Amino acid sequence: MEQQILEAALRRAIQVSVESRAHGNHPFGAVLVAPDGTIVLEAENTVNTDHDVTGHAETNLVSRASRSIRRSELANLTLVTSCEPCAMCSGAIYWSGISRVVYGLSEAGLKDRTGDHPDNPTLSHPCRLVFADGSRHITVVGPLMEDEAAVAHEGFWN
């Protein structure tokens, strides 16, 4: 996927994170992208509005994708997310068959902004490590555009 397409998709995921915050949720967003840059699906965090701690943007996206897209097709798509997937989301991505992940803000960068906030008990376990324990390869690109991805978090975790 060329750099221009990648950046456009990441900017859309960041915008979805802003929309998530505006809807009363944590500021996280994710999009599923075809090789030509077409956004196939998008999802925001719904932890607060759905009263479901598993309602992360990536798990919401994977759930929708796995119900509507054949696993063989998911392998050709890229999940682009505003922040590095947590261990739970990484597991969902792994099981879905998606083969590429691109993220903006790193998990470490997020923890720097959230501190020990009770709504974000960060697991300091990079997604690369989760994927490395699996039997199939998942390409990971990131962190990218961290400053842009961090904007949605400004003032949120205070």
# chains A, B, ... in the order shown; residues from 1 in each chain; ligands from 1
$ select_by_dssp --residues "range 26-92 of chain A" --states "strand (DSSP E or B)" --output "list in words"
Gly29, Ala30, Val31, Leu32, Val33, Ile39, Val40, Leu41, Glu42, Ala43, Glu44, Thr78, Leu79, Val80, Thr81, Ser82 and Cys83 of chain A
$ residues_around --residues "Val101 in chain A" --least-positions-apart "4" --cutoff "10 Å" --atoms "only C-alpha atoms" --output "list in words"
Leu32, Leu77, Thr78, Leu79, Val80, Thr81, Glu84, Pro85, Ser90, Ile93, Cys127, Arg128, Ile138, Thr139, Val140, Val141 and Gly142 of chain A
$ closest_residue --among "A:Asn158, A:Gly91, A:Met145, A:Gly55" --to "Ala132 in chain A" --atoms "only C-alpha atoms"
A:Gly91
$ select_by_dssp --residues "chain A" --states "alpha helix (DSSP H)" --output "ChimeraX atom specification"
/A:3-22,57-68,71-74,87-96,107-114,127-132,146-150
$ residues_around --residues "Asp147 in chain A" --least-positions-apart "2" --cutoff "12 Å" --atoms "only C-alpha atoms" --output "list in words"
Arg11, Ile14, Ser82, Cys83, Gly104, Leu105, Ser106, Gly109, Leu110, Arg113, Pro143, Leu144, Met145, Ala149, Ala150, Val151, Ala152, His153 and Glu154 of chain A
$ write_last_selection --atoms "C-alpha atoms" --output "PDB file, in the first residue's frame"
ATOM      1  CA  ARG A  11      -6.148  10.189   9.020  1.00  0.00           C
ATOM      2  CA  ILE A  14      -7.948   9.393  13.599  1.00  0.00           C
ATOM      3  CA  SER A  82      -5.601   5.473  15.537  1.00  0.00           C
ATOM      4  CA  CYS A  83      -3.679   3.743  18.353  1.00  0.00           C
ATOM      5  CA  GLY A 104      -0.814   5.852  14.763  1.00  0.00           C
ATOM      6  CA  LEU A 105      -0.143   6.375  18.464  1.00  0.00           C
ATOM      7  CA  SER A 106       1.889   3.647  20.179  1.00  0.00           C
ATOM      8  CA  GLY A 109       2.665   6.910  23.854  1.00  0.00           C
ATOM      9  CA  LEU A 110      -0.912   6.358  24.956  1.00  0.00           C
ATOM     10  CA  ARG A 113      -0.940  10.465  28.075  1.00  0.00           C
ATOM     11  CA  PRO A 143       3.778   4.067  15.099  1.00  0.00           C
ATOM     12  CA  LEU A 144       3.022   6.672  12.425  1.00  0.00           C
ATOM     13  CA  MET A 145       1.815  10.261  12.715  1.00  0.00           C
ATOM     14  CA  ALA A 149      -3.183  10.579  16.500  1.00  0.00           C
ATOM     15  CA  ALA A 150      -2.657  12.022  19.985  1.00  0.00           C
ATOM     16  CA  VAL A 151      -4.825  15.098  19.383  1.00  0.00           C
ATOM     17  CA  ALA A 152      -8.084  13.244  20.118  1.00  0.00           C
ATOM     18  CA  HIS A 153      -6.681  12.324  23.555  1.00  0.00           C
ATOM     19  CA  GLU A 154      -5.805  15.887  24.604  1.00  0.00           C
TER      20      GLU A 154
END
$ residues_around --residues "Arg71 in chain A" --least-positions-apart "5" --cutoff "7 Å" --atoms "only C-alpha atoms" --output "list in words"
Ser66, Ser96 and Gly97 of chain A
$ atom_distance --atom1 "CA of Ala65 in chain A" --atom2 "CA of Ala108 in chain A"
27.5 Å
$ closest_residue --among "A:Asp119, A:Glu2, A:Ala8, A:Lys111" --to "Val47 in chain A" --atoms "only C-alpha atoms"
A:Asp119
$ closest_residue --among "A:Glu107, A:Tyr94, A:Arg67, A:Phe28" --to "His125 in chain A" --atoms "only C-alpha atoms"
A:Glu107
$ atom_distance --atom1 "CA of Ala57 in chain A" --atom2 "CA of Glu7 in chain A"
18.5 Å
$ decode --residues "range 33-51 of chain A" --atoms "N, CA, C and O atoms" --output "PDB file, in the first residue's frame"
ATOM      1  N   VAL A  33      -9.142  -1.376   5.256  1.00  0.00           N
ATOM      2  CA  VAL A  33      -8.804  -0.770   3.980  1.00  0.00           C
ATOM      3  C   VAL A  33      -8.415  -1.826   2.945  1.00  0.00           C
ATOM      4  O   VAL A  33      -7.626  -2.732   3.235  1.00  0.00           O
ATOM      5  N   ALA A  34      -8.964  -1.673   1.740  1.00  0.00           N
ATOM      6  CA  ALA A  34      -8.604  -2.523   0.609  1.00  0.00           C
ATOM      7  C   ALA A  34      -7.264  -2.058   0.039  1.00  0.00           C
ATOM      8  O   ALA A  34      -6.844  -0.916   0.271  1.00  0.00           O
ATOM      9  N   PRO A  35      -6.581  -2.909  -0.726  1.00  0.00           N
ATOM     10  CA  PRO A  35      -5.277  -2.536  -1.291  1.00  0.00           C
ATOM     11  C   PRO A  35      -5.292  -1.246  -2.120  1.00  0.00           C
ATOM     12  O   PRO A  35      -4.294  -0.533  -2.179  1.00  0.00           O
ATOM     13  N   ASP A  36      -6.439  -0.912  -2.736  1.00  0.00           N
ATOM     14  CA  ASP A  36      -6.509   0.315  -3.538  1.00  0.00           C
ATOM     15  C   ASP A  36      -6.820   1.556  -2.709  1.00  0.00           C
ATOM     16  O   ASP A  36      -6.954   2.651  -3.243  1.00  0.00           O
ATOM     17  N   GLY A  37      -6.958   1.387  -1.376  1.00  0.00           N
ATOM     18  CA  GLY A  37      -7.231   2.517  -0.489  1.00  0.00           C
ATOM     19  C   GLY A  37      -8.691   2.702  -0.137  1.00  0.00           C
ATOM     20  O   GLY A  37      -9.024   3.563   0.678  1.00  0.00           O
ATOM     21  N   THR A  38      -9.566   1.917  -0.737  1.00  0.00           N
ATOM     22  CA  THR A  38     -10.988   2.010  -0.420  1.00  0.00           C
ATOM     23  C   THR A  38     -11.223   1.574   1.019  1.00  0.00           C
ATOM     24  O   THR A  38     -10.745   0.516   1.436  1.00  0.00           O
ATOM     25  N   ILE A  39     -11.955   2.392   1.765  1.00  0.00           N
ATOM     26  CA  ILE A  39     -12.310   2.009   3.131  1.00  0.00           C
ATOM     27  C   ILE A  39     -13.526   1.101   3.058  1.00  0.00           C
ATOM     28  O   ILE A  39     -14.586   1.486   2.577  1.00  0.00           O
ATOM     29  N   VAL A  40     -13.352  -0.114   3.533  1.00  0.00           N
ATOM     30  CA  VAL A  40     -14.377  -1.151   3.461  1.00  0.00           C
ATOM     31  C   VAL A  40     -15.340  -1.044   4.644  1.00  0.00           C
ATOM     32  O   VAL A  40     -16.544  -1.176   4.481  1.00  0.00           O
ATOM     33  N   LEU A  41     -14.794  -0.825   5.837  1.00  0.00           N
ATOM     34  CA  LEU A  41     -15.582  -0.680   7.061  1.00  0.00           C
ATOM     35  C   LEU A  41     -14.860   0.270   7.988  1.00  0.00           C
ATOM     36  O   LEU A  41     -13.644   0.443   7.884  1.00  0.00           O
ATOM     37  N   GLU A  42     -15.594   0.845   8.917  1.00  0.00           N
ATOM     38  CA  GLU A  42     -14.961   1.624   9.979  1.00  0.00           C
ATOM     39  C   GLU A  42     -15.741   1.410  11.264  1.00  0.00           C
ATOM     40  O   GLU A  42     -16.919   1.042  11.232  1.00  0.00           O
ATOM     41  N   ALA A  43     -15.046   1.618  12.375  1.00  0.00           N
ATOM     42  CA  ALA A  43     -15.681   1.424  13.677  1.00  0.00           C
ATOM     43  C   ALA A  43     -14.998   2.311  14.704  1.00  0.00           C
ATOM     44  O   ALA A  43     -13.804   2.568  14.629  1.00  0.00           O
ATOM     45  N   GLU A  44     -15.793   2.733  15.654  1.00  0.00           N
ATOM     46  CA  GLU A  44     -15.260   3.519  16.757  1.00  0.00           C
ATOM     47  C   GLU A  44     -15.395   2.745  18.052  1.00  0.00           C
ATOM     48  O   GLU A  44     -16.061   1.709  18.103  1.00  0.00           O
ATOM     49  N   ASN A  45     -14.775   3.247  19.076  1.00  0.00           N
ATOM     50  CA  ASN A  45     -14.883   2.677  20.405  1.00  0.00           C
ATOM     51  C   ASN A  45     -16.311   2.891  20.906  1.00  0.00           C
ATOM     52  O   ASN A  45     -16.903   3.951  20.685  1.00  0.00           O
ATOM     53  N   THR A  46     -16.883   1.873  21.554  1.00  0.00           N
ATOM     54  CA  THR A  46     -18.249   1.979  22.100  1.00  0.00           C
ATOM     55  C   THR A  46     -18.318   1.493  23.545  1.00  0.00           C
ATOM     56  O   THR A  46     -19.372   1.076  24.012  1.00  0.00           O
ATOM     57  N   VAL A  47     -17.196   1.544  24.242  1.00  0.00           N
ATOM     58  CA  VAL A  47     -17.136   1.044  25.618  1.00  0.00           C
ATOM     59  C   VAL A  47     -18.194   1.707  26.495  1.00  0.00           C
ATOM     60  O   VAL A  47     -18.917   1.024  27.230  1.00  0.00           O
ATOM     61  N   ASN A  48     -18.298   3.017  26.439  1.00  0.00           N
ATOM     62  CA  ASN A  48     -19.240   3.727  27.313  1.00  0.00           C
ATOM     63  C   ASN A  48     -20.686   3.599  26.850  1.00  0.00           C
ATOM     64  O   ASN A  48     -21.567   3.292  27.648  1.00  0.00           O
ATOM     65  N   THR A  49     -20.935   3.826  25.582  1.00  0.00           N
ATOM     66  CA  THR A  49     -22.324   3.839  25.113  1.00  0.00           C
ATOM     67  C   THR A  49     -22.948   2.451  25.075  1.00  0.00           C
ATOM     68  O   THR A  49     -24.164   2.324  25.244  1.00  0.00           O
ATOM     69  N   ASP A  50     -22.135   1.417  24.870  1.00  0.00           N
ATOM     70  CA  ASP A  50     -22.660   0.047  24.875  1.00  0.00           C
ATOM     71  C   ASP A  50     -22.483  -0.644  26.228  1.00  0.00           C
ATOM     72  O   ASP A  50     -22.910  -1.789  26.392  1.00  0.00           O
ATOM     73  N   HIS A  51     -21.833   0.039  27.164  1.00  0.00           N
ATOM     74  CA  HIS A  51     -21.564  -0.551  28.489  1.00  0.00           C
ATOM     75  C   HIS A  51     -20.903  -1.925  28.334  1.00  0.00           C
ATOM     76  O   HIS A  51     -21.308  -2.909  28.940  1.00  0.00           O
TER      77      HIS A  51
END
